[in-house]
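Visitor: Provided below: entry_24.cif, containing mmCIF, C-alpha atoms and all ligand atoms.
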```
data_final
#
loop_
_atom_site.label_atom_id
_atom_site.label_comp_id
_atom_site.auth_asym_id
_atom_site.auth_seq_id
_atom_site.Cartn_x
_atom_site.Cartn_y
_atom_site.Cartn_z
CA MET A 20 92.84 79.41 130.25
CA ASN A 21 90.27 80.94 132.50
CA GLU A 22 87.07 78.86 132.65
CA ILE A 23 84.80 81.86 132.22
CA LEU A 24 86.57 82.91 129.05
CA ARG A 25 85.91 79.62 127.31
CA PRO A 26 82.38 79.45 125.95
CA THR A 27 82.69 75.95 124.56
CA THR A 28 79.86 73.93 126.06
CA GLU A 29 76.16 74.39 125.47
CA SER A 30 75.55 75.39 129.07
CA SER A 31 78.37 77.92 129.30
CA PRO A 32 77.33 81.44 130.29
CA ALA A 33 78.25 82.87 126.88
CA VAL A 34 75.86 80.62 124.98
CA VAL A 35 73.08 81.24 127.48
CA ALA A 36 73.57 84.97 127.06
CA GLY A 37 73.07 84.53 123.31
CA LEU A 38 76.30 85.93 121.91
CA PRO A 39 75.84 87.08 118.32
CA VAL A 40 77.01 84.87 115.48
CA LEU A 41 76.81 87.74 113.03
CA SER A 42 77.84 91.38 113.44
CA VAL A 43 76.43 93.68 110.80
CA VAL A 44 78.66 96.76 110.55
CA VAL A 45 77.05 99.85 109.06
CA PRO A 46 79.13 102.99 108.39
CA THR A 47 77.02 106.13 108.59
CA PHE A 48 77.38 109.78 107.75
CA ASN A 49 74.21 111.87 107.74
CA GLU A 50 71.83 108.91 107.64
CA ARG A 51 69.42 109.75 110.43
CA ASP A 52 66.35 108.96 108.33
CA ASN A 53 67.66 105.56 107.26
CA VAL A 54 69.08 103.85 110.33
CA ILE A 55 65.82 102.78 111.95
CA LYS A 56 64.37 101.50 108.71
CA LEU A 57 67.52 99.44 108.15
CA PHE A 58 67.30 98.02 111.66
CA GLU A 59 63.69 96.93 111.07
CA LYS A 60 64.68 95.26 107.82
CA LEU A 61 67.54 93.41 109.52
CA GLU A 62 65.21 92.27 112.27
CA ALA A 63 62.76 90.89 109.74
CA THR A 64 65.31 89.09 107.63
CA LEU A 65 67.59 87.69 110.36
CA LYS A 66 64.92 85.81 112.33
CA GLY A 67 66.45 82.72 113.93
CA ILE A 68 70.01 84.07 113.74
CA ALA A 69 71.83 85.59 116.74
CA TRP A 70 72.92 88.94 115.32
CA GLU A 71 73.88 92.46 116.29
CA VAL A 72 74.32 95.69 114.37
CA VAL A 73 77.18 98.13 114.94
CA TYR A 74 76.64 101.56 113.45
CA VAL A 75 79.89 103.50 113.06
CA ASP A 76 79.08 107.17 112.78
CA ASP A 77 81.61 109.93 112.10
CA ASN A 78 79.86 112.44 114.31
CA SER A 79 77.26 113.26 111.66
CA PRO A 80 76.03 116.87 111.72
CA ASP A 81 72.47 115.55 111.33
CA GLY A 82 72.85 113.66 114.63
CA THR A 83 72.62 110.12 113.23
CA TRP A 84 74.50 108.90 116.31
CA ASP A 85 71.76 110.31 118.51
CA VAL A 86 69.07 108.33 116.70
CA VAL A 87 71.20 105.17 116.87
CA ARG A 88 71.92 105.70 120.57
CA GLU A 89 68.20 105.99 121.21
CA LEU A 90 67.61 102.77 119.28
CA ALA A 91 70.39 101.06 121.26
CA ARG A 92 68.68 101.99 124.52
CA ARG A 93 65.63 100.03 123.43
CA ASP A 94 67.38 97.03 121.86
CA GLY A 95 70.58 95.36 123.10
CA ARG A 96 71.45 94.16 119.60
CA VAL A 97 72.20 97.72 118.53
CA ARG A 98 75.45 99.54 119.20
CA CYS A 99 76.80 102.89 118.15
CA ILE A 100 80.41 103.94 117.74
CA ARG A 101 80.59 107.72 117.50
CA ARG A 102 83.95 108.80 116.09
CA ILE A 103 84.99 112.37 116.63
CA GLY A 104 87.51 114.23 114.45
CA ARG A 105 87.75 111.45 111.89
CA ARG A 106 86.21 110.75 108.51
CA GLY A 107 86.35 107.78 106.21
CA LEU A 108 84.26 104.86 105.10
CA SER A 109 87.02 102.23 105.21
CA GLY A 110 88.31 103.27 108.62
CA ALA A 111 84.77 103.21 110.01
CA CYS A 112 84.16 99.68 108.73
CA ILE A 113 87.47 98.41 110.10
CA GLU A 114 86.80 99.91 113.51
CA GLY A 115 83.28 98.51 113.56
CA ILE A 116 84.39 94.97 112.78
CA LEU A 117 87.21 95.12 115.33
CA ALA A 118 84.83 96.41 117.99
CA SER A 119 82.67 93.31 117.72
CA CYS A 120 83.43 89.67 118.47
CA ALA A 121 80.97 87.60 116.45
CA PRO A 122 82.72 84.96 114.31
CA TYR A 123 81.26 86.52 111.16
CA ALA A 124 81.01 90.18 110.15
CA ALA A 125 79.03 91.81 107.37
CA VAL A 126 79.52 95.32 106.02
CA MET A 127 76.62 97.13 104.41
CA ASP A 128 75.47 100.68 103.68
CA ALA A 129 72.81 102.41 105.75
CA ASP A 130 70.81 103.75 102.81
CA LEU A 131 69.16 100.43 101.85
CA GLN A 132 70.94 100.24 98.50
CA HIS A 133 72.28 96.85 99.57
CA ASP A 134 69.93 93.88 99.68
CA GLU A 135 69.79 92.72 103.30
CA THR A 136 67.76 89.63 102.38
CA GLN A 137 71.02 88.12 101.04
CA LEU A 138 72.58 88.07 104.51
CA PRO A 139 71.31 84.62 105.62
CA LYS A 140 72.63 83.04 102.41
CA MET A 141 75.98 84.80 102.85
CA LEU A 142 76.20 83.56 106.42
CA SER A 143 75.52 79.95 105.54
CA LEU A 144 78.20 80.02 102.84
CA LEU A 145 80.70 81.06 105.51
CA GLN A 146 79.39 78.66 108.13
CA ASN A 147 79.52 75.58 105.91
CA GLY A 148 83.08 76.41 104.89
CA ALA A 149 82.29 77.11 101.23
CA ALA A 150 83.85 80.57 101.63
CA GLU A 151 85.88 82.81 103.91
CA LEU A 152 84.62 85.92 102.15
CA VAL A 153 81.25 86.37 100.45
CA VAL A 154 80.86 89.35 98.14
CA GLY A 155 77.52 90.85 97.17
CA SER A 156 78.12 91.39 93.48
CA ARG A 157 76.42 93.63 90.92
CA TYR A 158 78.51 92.42 88.03
CA ILE A 159 77.72 88.73 87.82
CA GLU A 160 74.72 86.95 86.33
CA GLY A 161 71.64 87.97 88.29
CA GLY A 162 73.16 91.12 89.77
CA SER A 163 72.63 94.70 88.60
CA ALA A 164 73.25 98.36 89.29
CA ASP A 165 70.48 100.05 87.30
CA SER A 166 70.18 102.81 89.89
CA PHE A 167 73.51 104.19 88.64
CA ASN A 168 73.51 107.09 86.20
CA LYS A 169 75.62 106.75 83.05
CA GLN A 170 78.59 108.65 84.43
CA ARG A 171 78.73 106.71 87.67
CA ALA A 172 78.28 103.40 85.85
CA SER A 173 81.23 104.02 83.54
CA ALA A 174 83.43 105.28 86.38
CA SER A 175 82.63 102.14 88.35
CA ALA A 176 83.31 99.88 85.36
CA PHE A 177 86.61 101.63 84.66
CA ALA A 178 87.82 101.37 88.26
CA THR A 179 86.83 97.70 88.35
CA GLU A 180 88.82 97.02 85.19
CA VAL A 181 91.90 98.83 86.55
CA ALA A 182 91.70 96.91 89.80
CA LYS A 183 91.46 93.60 88.01
CA ARG A 184 94.30 94.24 85.60
CA VAL A 185 96.73 96.17 87.73
CA LEU A 186 96.24 94.39 91.03
CA GLY A 187 95.32 91.01 89.57
CA VAL A 188 92.12 90.88 91.58
CA ALA A 189 89.89 88.00 90.50
CA VAL A 190 86.61 89.27 91.98
CA ALA A 191 83.96 90.54 89.52
CA ASP A 192 82.86 93.41 91.77
CA PRO A 193 85.79 94.49 93.97
CA MET A 194 84.19 97.94 94.43
CA SER A 195 81.19 96.48 96.21
CA GLY A 196 80.50 97.89 99.63
CA PHE A 197 78.48 94.80 100.57
CA PHE A 198 80.25 91.69 101.88
CA MET A 199 80.59 89.24 104.74
CA ILE A 200 83.86 87.84 106.10
CA ARG A 201 85.13 85.38 108.69
CA ARG A 202 86.41 87.33 111.67
CA ASP A 203 89.68 85.39 112.12
CA ARG A 204 90.64 86.03 108.50
CA PHE A 205 89.77 89.69 108.80
CA GLU A 206 91.81 90.11 111.98
CA GLN A 207 94.86 88.69 110.19
CA LEU A 208 94.57 91.23 107.37
CA ALA A 209 93.43 94.24 109.41
CA PRO A 210 96.88 95.68 110.26
CA GLN A 211 97.68 95.99 106.54
CA LEU A 212 94.45 97.70 105.50
CA SER A 213 94.22 101.38 104.68
CA THR A 214 91.83 103.36 106.85
CA GLN A 215 91.64 106.13 104.28
CA GLY A 216 89.28 106.07 101.33
CA PHE A 217 86.29 103.84 100.74
CA LYS A 218 87.50 100.77 98.86
CA ILE A 219 87.71 98.44 101.82
CA LEU A 220 86.72 95.31 99.91
CA LEU A 221 89.27 95.92 97.16
CA ASP A 222 91.87 96.47 99.87
CA ILE A 223 90.96 93.20 101.60
CA VAL A 224 91.05 91.19 98.38
CA ALA A 225 94.30 92.77 97.15
CA THR A 226 95.99 92.39 100.53
CA ALA A 227 95.02 88.71 100.78
CA HIS A 228 96.83 87.98 97.46
CA GLY A 229 94.34 85.34 96.39
CA LYS A 230 94.57 83.44 99.67
CA LEU A 231 91.01 84.22 100.74
CA LYS A 232 88.42 81.68 99.62
CA THR A 233 85.89 83.98 97.96
CA VAL A 234 82.38 83.39 96.68
CA GLU A 235 80.29 86.06 94.92
CA ILE A 236 76.54 86.15 95.04
CA PRO A 237 74.45 88.44 92.84
CA TYR A 238 72.25 91.24 94.14
CA ARG A 239 70.44 94.28 92.78
CA PHE A 240 72.02 97.56 93.84
CA GLY A 241 68.91 99.59 94.66
CA SER A 242 68.21 103.29 95.05
CA ARG A 243 69.07 105.32 98.10
CA LEU A 244 66.15 105.70 100.53
CA HIS A 245 66.79 109.16 102.06
CA GLY A 246 69.66 111.65 101.83
CA GLU A 247 72.45 111.75 99.28
CA SER A 248 75.66 109.94 98.34
CA LYS A 249 78.85 110.98 100.13
CA LEU A 250 81.14 109.82 97.38
CA ASP A 251 82.42 112.81 95.41
CA SER A 252 84.95 113.12 92.61
CA MET A 253 87.74 112.97 95.19
CA VAL A 254 87.20 109.25 95.59
CA ALA A 255 88.95 108.80 92.25
CA LEU A 256 92.07 110.11 93.92
CA ASP A 257 91.64 107.75 96.86
CA PHE A 258 91.25 104.88 94.43
CA LEU A 259 94.42 105.79 92.56
CA GLY A 260 96.32 106.05 95.81
CA LEU A 261 95.12 102.65 96.97
CA VAL A 262 96.15 101.01 93.70
CA LEU A 263 99.61 102.60 93.89
CA ALA A 264 100.07 101.67 97.52
CA LYS A 265 99.09 98.04 96.88
CA LEU A 266 101.39 97.92 93.86
CA THR A 267 104.37 99.00 95.93
CA ASN A 268 103.47 96.44 98.59
CA ASP A 269 102.58 99.18 101.07
CA ALA A 270 106.10 100.58 100.95
CA VAL A 271 104.50 103.98 100.52
CA SER A 272 101.25 104.96 102.17
CA LEU A 273 98.37 106.63 100.43
CA ARG A 274 98.88 109.77 102.43
CA PHE A 275 102.59 109.92 101.77
CA LEU A 276 101.99 109.58 98.03
CA LEU A 277 99.53 112.45 98.04
CA PHE A 278 101.85 114.53 100.19
CA ALA A 279 104.74 113.93 97.80
CA MET A 280 102.53 114.70 94.79
CA VAL A 281 101.48 117.98 96.36
CA GLY A 282 105.17 118.68 97.04
CA GLY A 283 105.80 118.15 93.32
CA THR A 284 103.20 120.76 92.41
CA GLY A 285 104.95 123.08 94.89
CA LEU A 286 108.04 123.03 92.71
CA PHE A 287 106.08 124.45 89.78
CA VAL A 288 104.38 127.04 91.96
CA HIS A 289 107.78 128.05 93.29
CA LEU A 290 109.33 128.43 89.86
CA GLY A 291 106.28 130.26 88.52
CA THR A 292 106.33 132.74 91.41
CA LEU A 293 110.07 133.20 91.08
CA PHE A 294 109.64 134.01 87.41
CA ILE A 295 106.87 136.53 88.03
CA ALA A 296 108.74 138.15 90.93
CA LEU A 297 111.88 138.58 88.82
CA ARG A 298 110.30 139.58 85.54
CA VAL A 299 107.14 141.41 86.51
CA PHE A 300 107.99 142.90 89.90
CA GLU A 301 111.74 143.09 89.20
CA LEU A 302 112.62 142.00 92.73
CA PRO A 303 116.24 141.14 93.58
CA PHE A 304 116.90 137.39 93.36
CA ALA A 305 116.98 136.68 97.11
CA GLU A 306 113.61 138.37 97.69
CA ALA A 307 112.12 136.71 94.62
CA GLN A 308 113.34 133.29 95.78
CA ALA A 309 111.92 133.88 99.26
CA SER A 310 108.52 134.86 97.84
CA GLY A 311 108.58 131.74 95.68
CA ALA A 312 109.16 129.58 98.74
CA LEU A 313 106.43 131.34 100.72
CA VAL A 314 103.82 131.05 97.98
CA ALA A 315 104.77 127.39 97.34
CA MET A 316 104.49 126.52 101.04
CA THR A 317 101.12 128.23 101.22
CA SER A 318 99.77 126.44 98.16
CA ASN A 319 101.14 123.12 99.45
CA PHE A 320 99.38 123.72 102.74
CA ILE A 321 96.07 124.48 101.05
CA LEU A 322 96.31 121.46 98.74
CA ASN A 323 97.29 119.14 101.57
CA ASN A 324 94.41 120.41 103.64
CA PHE A 325 92.01 119.66 100.78
CA LEU A 326 93.46 116.41 99.45
CA THR A 327 96.02 114.67 101.59
CA TYR A 328 94.31 115.35 104.89
CA ARG A 329 90.78 115.84 103.66
CA ASP A 330 89.52 113.41 106.30
CA GLN A 331 91.08 115.63 108.99
CA ARG A 332 90.65 118.96 107.25
CA LEU A 333 91.47 122.01 109.38
CA LYS A 334 88.68 124.56 109.52
CA GLY A 335 88.22 128.10 110.82
CA PHE A 336 90.88 129.39 113.17
CA ALA A 337 92.74 126.06 113.09
CA ILE A 338 93.70 126.86 109.48
CA LEU A 339 95.82 129.82 110.58
CA ARG A 340 97.47 127.89 113.39
CA GLY A 341 98.10 125.01 110.98
CA LEU A 342 99.57 127.27 108.32
CA ILE A 343 102.07 128.78 110.74
CA ALA A 344 103.04 125.33 112.01
CA PHE A 345 103.44 124.21 108.39
CA TYR A 346 105.78 127.14 107.61
CA LEU A 347 107.92 126.18 110.62
CA VAL A 348 108.00 122.50 109.71
CA CYS A 349 108.96 123.27 106.11
CA SER A 350 111.67 125.74 107.13
CA VAL A 351 113.38 123.12 109.25
CA GLY A 352 112.79 120.66 106.40
CA LEU A 353 114.72 122.96 104.12
CA PHE A 354 117.73 122.87 106.46
CA ALA A 355 117.53 119.07 106.54
CA ASN A 356 117.28 119.04 102.76
CA VAL A 357 120.29 121.25 102.21
CA GLY A 358 122.30 119.50 104.94
CA VAL A 359 121.80 116.06 103.45
CA ALA A 360 122.45 117.29 99.91
CA PHE A 361 125.71 118.89 101.04
CA SER A 362 127.00 115.81 102.79
CA VAL A 363 126.10 113.55 99.85
CA TYR A 364 127.80 115.97 97.48
CA ASP A 365 130.82 115.97 99.75
CA GLN A 366 131.19 112.19 99.42
CA GLU A 367 130.22 111.93 95.76
CA PRO A 368 130.08 115.14 93.73
CA ILE A 369 127.13 114.12 91.54
CA TRP A 370 124.75 117.07 91.53
CA TRP A 371 121.51 115.21 90.74
CA LEU A 372 122.16 112.46 93.29
CA ALA A 373 122.86 114.99 96.01
CA GLY A 374 119.86 117.07 94.97
CA ALA A 375 117.52 114.07 94.95
CA ALA A 376 118.77 112.84 98.34
CA GLY A 377 118.18 116.30 99.79
CA ALA A 378 114.70 116.54 98.30
CA LEU A 379 113.77 113.07 99.60
CA MET A 380 115.04 113.99 103.06
CA GLY A 381 112.98 117.18 102.89
CA VAL A 382 109.72 115.51 101.90
CA VAL A 383 110.09 112.72 104.46
CA TRP A 384 110.81 115.25 107.18
CA ASN A 385 107.96 117.53 106.16
CA TYR A 386 105.58 114.59 105.97
CA ALA A 387 106.51 113.14 109.35
CA MET A 388 106.46 116.49 111.14
CA SER A 389 103.26 117.70 109.47
CA GLY A 390 101.54 114.58 110.73
CA LEU A 391 102.73 115.40 114.24
CA PHE A 392 102.28 119.16 114.42
CA VAL A 393 99.97 120.36 111.66
CA TRP A 394 97.30 117.71 111.02
CA ARG A 395 97.74 115.87 114.28
CA LYS A 396 95.09 113.35 115.18
CA ARG A 397 92.70 114.87 117.61
N1 LIG B 401 81.30 106.57 109.10
C1 LIG B 401 81.32 107.01 107.83
N2 LIG B 401 82.26 107.93 107.47
N3 LIG B 401 80.40 106.56 106.95
C2 LIG B 401 80.43 107.03 105.69
C3 LIG B 401 81.37 107.97 105.25
C4 LIG B 401 82.34 108.44 106.20
O1 LIG B 401 83.19 109.26 105.91
N4 LIG B 401 81.13 108.24 103.93
C5 LIG B 401 80.07 107.47 103.59
N5 LIG B 401 79.64 106.75 104.65
C6 LIG B 401 78.53 105.79 104.70
C7 LIG B 401 77.21 106.34 104.20
O2 LIG B 401 76.48 106.97 105.23
C8 LIG B 401 76.53 105.07 103.71
O3 LIG B 401 75.91 104.36 104.74
C9 LIG B 401 77.68 104.25 103.18
O4 LIG B 401 78.84 104.72 103.85
C10 LIG B 401 77.86 104.37 101.66
O5 LIG B 401 77.98 105.73 101.30
P1 LIG B 401 77.16 106.36 100.11
O6 LIG B 401 77.38 107.81 100.17
O7 LIG B 401 75.75 105.88 100.13
O8 LIG B 401 77.95 105.74 98.89
P2 LIG B 401 77.43 105.32 97.47
O9 LIG B 401 76.06 104.75 97.50
O10 LIG B 401 77.66 106.45 96.55
O11 LIG B 401 78.49 104.16 97.16
C11 LIG B 401 78.25 102.83 97.51
O12 LIG B 401 78.37 102.06 96.40
C12 LIG B 401 79.68 101.88 95.91
C13 LIG B 401 79.64 100.98 94.75
O13 LIG B 401 79.57 101.67 93.60
C14 LIG B 401 79.18 102.34 98.62
O14 LIG B 401 78.73 101.08 99.08
C15 LIG B 401 80.58 102.16 98.17
O15 LIG B 401 81.35 101.52 99.19
C16 LIG B 401 80.57 101.29 96.96
O16 LIG B 401 81.88 101.17 96.46
MN MN B 402 74.63 104.74 98.88
#
```
Using the file provided, produce a representation of the structure as structure tokens.
Ligand code: GDD
Ligand code: MN
Guide:
Amino acid sequence: MNEILRPTTESSPAVVAGLPVLSVVVPTFNERDNVIKLFEKLEATLKGIAWEVVYVDDNSPDGTWDVVRELARRDGRVRCIRRIGRRGLSGACIEGILASCAPYAAVMDADLQHDETQLPKMLSLLQNGAAELVVGSRYIEGGSADSFNKQRASASAFATEVAKRVLGVAVADPMSGFFMIRRDRFEQLAPQLSTQGFKILLDIVATAHGKLKTVEIPYRFGSRLHGESKLDSMVALDFLGLVLAKLTNDAVSLRFLLFAMVGGTGLFVHLGTLFIALRVFELPFAEAQASGALVAMTSNFILNNFLTYRDQRLKGFAILRGLIAFYLVCSVGLFANVGVAFSVYDQEPIWWLAGAAGALMGVVWNYAMSGLFVWRKR
């Protein structure tokens, strides 16, 4: 190995340069009033520890990245990753951890709801080998989440219960957004983690299948300093998707599940339109069937744009371009569907088997091609 790349001895250049031992990764979206305050708090609490903070900002409209960049110009311990055309808490955290090289990485929110004074304790638990993952927990003795309103508290408790029972997760607070992990362990799991949604800790714990030595420490989940929460009712859907994906051992991705679910609603839209076209407008069958298909494709497109691809939602003129591309993709998908159904029926004349094979072919085709041509990653 190259001498320069091996920072093993005390006098090696890496140690002299003071490489961080701890990377604190902070996902941000519209947090411009909080990021400096958080930095000052980290500075105060991490005295004597070589640390750095990586803010991962999804191109916030309020210009959070600009404030962080300015901070980074004054202090080398600060870095900013500005992601364009992407949204998502989990993906931001994953990217932030992978962009750093400290042996330990913490994830915490920017709004000061997490208690940064716990970080030194979390770090020493990892350093002395007592744990590979330390979770800041609201649901063990000494922890609390009194800042939650009733509705949020019961939603959180329900999701926690589902996660524990369905995924067999043994952590008391798998929904926590506050944790610290050993880098090598994280790097092993990273390729299997979902970048969509916000339940990164639950994903890590479920993916590790109990093989991650975990310690929970209590903390008080405080109130947000400035701004407002980004978690809306849609996160319930993300959560459901993650649970299903983990249950099927990642055979089906979150996005594919949503896409297929939307496709299922399309069937009802199609039949409903067909019925109205035949009965109310008294159209001939072929025209009625064509209108059914058109309306179903349009509603599928709208739903996918709002749910399945909400992190890459098309806006403005791009909606029209996307809709036309979606019509084209689905039309070809229909040929694939019918083609496969025919050839299966040819071999084995079982109508439902042939029909299902065709439908599966159609949804897989539509999904793959939509990802390429409609909601392509910018
Ligand atoms: N980069 C990026 N992209 N950051 C995001 C995004 C996003 O799409 N959405 C939210 N964030 C950032 C916020 O700016 C904040 O720093 C942090 O992620 C948490 O978001 P909040 O909007 O403050 O979430 P919360 O307070 O409602 O939820 C917190 O508590 C939950 C526990 O009940 C989070 O920590 C959740 O992860 C946690 O599960
Ligand atoms: Mn918050």
Visitor: For range 294-296 of chain A, work out the shell of residues within 10 Å, counting all atoms listed in the file and skipping chain neighbours fewer than 2 positions away, then give it as a list of chain:residue names.
Guide: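 So, after excluding close chain neighbours, the residues are A:Val288, A:His289, A:Leu290, A:Gly291, A:Thr292, A:Arg298, A:Val299, A:Phe300, A:Glu301, A:Leu302, A:Pro303, A:Phe304, A:Glu306, A:Ala307, A:Gln308, A:Ala309, A:Ser310, A:Gly311.
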Visitor: For Glu71 in chain A, which of A:Thr83, A:Phe58, A:Val383, A:Pro39 is the closest residue, counting all atoms listed in the file?
Guide: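 Nearest candidate to Glu71 in chain A out of A:Thr83, A:Phe58, A:Val383, A:Pro39: A:Pro39.
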Visitor: As a ChimeraX atom specification, please: the residues near Asp192 in chain A (cut-off 7 Å, all atoms listed in the file, same-chain neighbours under 6 positions excluded).
Guide: /A:156-158,179
Visitor: Determine, counting all atoms listed in the file, which protein, DNA and RNA residues have an atom within 12 Å of an atom of Arg105 in chain A; residues of the same chain fewer than 2 positions away are not included. Present the result as a ChimeraX atom specification.
Guide: /A:48,75-79,101-103,107-111,114,214-216,328-333,394-397
Visitor: Go ahead and compute the interatomic distance for CA of Ala69 in chain A and CA of Arg92 in chain A, in Å to one decimal.
Guide: 18.4 Å
Visitor: Would you pick out the contacts of Pro122 in chain A at 12 Å or less, using only C-alpha atoms, so that residues sharing its chain but fewer than 3 positions from it are not included, and give the list as an MDAnalysis selection string?
Guide: chainID A and resid 38:43 69:71 116:117 119 125 142 145:146 151 199:206
Visitor: Kindly write range 255-320 of chain A with C-alpha atoms to a file, as a JSON list (two decimals), in the first residue's frame.
Guide:
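Below is the file decode_8.json, written as the result:
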```json
[["chain", "number", "residue", "atom", "x", "y", "z"],
["A", 255, "ALA", "CA", -47.24, 7.09, 6.44],
["A", 256, "LEU", "CA", -47.13, 5.77, 2.90],
["A", 257, "ASP", "CA", -43.33, 5.77, 2.88],
["A", 258, "PHE", "CA", -43.38, 3.86, 6.14],
["A", 259, "LEU", "CA", -45.77, 1.24, 4.79],
["A", 260, "GLY", "CA", -43.64, 0.82, 1.70],
["A", 261, "LEU", "CA", -40.48, 0.36, 3.74],
["A", 262, "VAL", "CA", -42.11, -2.30, 5.92],
["A", 263, "LEU", "CA", -43.36, -4.18, 2.84],
["A", 264, "ALA", "CA", -40.03, -3.94, 1.08],
["A", 265, "LYS", "CA", -38.15, -5.25, 4.13],
["A", 266, "LEU", "CA", -40.68, -8.05, 4.54],
["A", 267, "THR", "CA", -40.10, -9.25, 0.99],
["A", 268, "ASN", "CA", -36.35, -9.07, 1.53],
["A", 269, "ASP", "CA", -36.03, -6.19, -0.93],
["A", 270, "ALA", "CA", -37.41, -8.30, -3.77],
["A", 271, "VAL", "CA", -39.68, -5.38, -4.55],
["A", 272, "SER", "CA", -38.63, -1.78, -4.13],
["A", 273, "LEU", "CA", -40.67, 0.87, -2.43],
["A", 274, "ARG", "CA", -41.15, 2.70, -5.68],
["A", 275, "PHE", "CA", -42.18, -0.38, -7.59],
["A", 276, "LEU", "CA", -44.80, -1.20, -4.94],
["A", 277, "LEU", "CA", -46.28, 2.27, -5.17],
["A", 278, "PHE", "CA", -46.19, 2.14, -8.95],
["A", 279, "ALA", "CA", -48.01, -1.19, -8.97],
["A", 280, "MET", "CA", -50.55, 0.07, -6.43],
["A", 281, "VAL", "CA", -51.26, 3.10, -8.60],
["A", 282, "GLY", "CA", -51.60, 0.71, -11.56],
["A", 283, "GLY", "CA", -54.22, -1.18, -9.54],
["A", 284, "THR", "CA", -56.25, 1.99, -9.02],
["A", 285, "GLY", "CA", -55.98, 2.54, -12.79],
["A", 286, "LEU", "CA", -58.00, -0.60, -13.36],
["A", 287, "PHE", "CA", -60.92, 0.83, -11.40],
["A", 288, "VAL", "CA", -60.65, 4.20, -13.13],
["A", 289, "HIS", "CA", -60.65, 2.40, -16.46],
["A", 290, "LEU", "CA", -63.73, 0.33, -15.68],
["A", 291, "GLY", "CA", -65.54, 3.33, -14.20],
["A", 292, "THR", "CA", -64.86, 5.44, -17.29],
["A", 293, "LEU", "CA", -65.84, 2.60, -19.58],
["A", 294, "PHE", "CA", -69.13, 2.26, -17.74],
["A", 295, "ILE", "CA", -69.90, 5.98, -17.92],
["A", 296, "ALA", "CA", -68.88, 6.20, -21.59],
["A", 297, "LEU", "CA", -71.15, 3.29, -22.51],
["A", 298, "ARG", "CA", -74.13, 4.09, -20.33],
["A", 299, "VAL", "CA", -74.14, 7.86, -20.07],
["A", 300, "PHE", "CA", -72.55, 8.97, -23.34],
["A", 301, "GLU", "CA", -73.66, 5.87, -25.27],
["A", 302, "LEU", "CA", -70.35, 5.65, -27.13],
["A", 303, "PRO", "CA", -69.58, 2.57, -29.24],
["A", 304, "PHE", "CA", -67.49, 0.01, -27.32],
["A", 305, "ALA", "CA", -64.16, 0.70, -29.05],
["A", 306, "GLU", "CA", -64.37, 4.45, -28.37],
["A", 307, "ALA", "CA", -65.53, 3.86, -24.81],
["A", 308, "GLN", "CA", -62.65, 1.44, -24.19],
["A", 309, "ALA", "CA", -60.16, 3.92, -25.64],
["A", 310, "SER", "CA", -61.46, 6.72, -23.41],
["A", 311, "GLY", "CA", -61.20, 4.40, -20.42],
["A", 312, "ALA", "CA", -57.55, 3.73, -21.22],
["A", 313, "LEU", "CA", -56.79, 7.42, -21.74],
["A", 314, "VAL", "CA", -58.43, 8.53, -18.50],
["A", 315, "ALA", "CA", -56.76, 5.67, -16.57],
["A", 316, "MET", "CA", -53.31, 6.55, -17.97],
["A", 317, "THR", "CA", -53.85, 10.19, -17.07],
["A", 318, "SER", "CA", -54.94, 9.42, -13.52],
["A", 319, "ASN", "CA", -52.04, 6.97, -13.12],
["A", 320, "PHE", "CA", -49.66, 9.67, -14.27]]
```
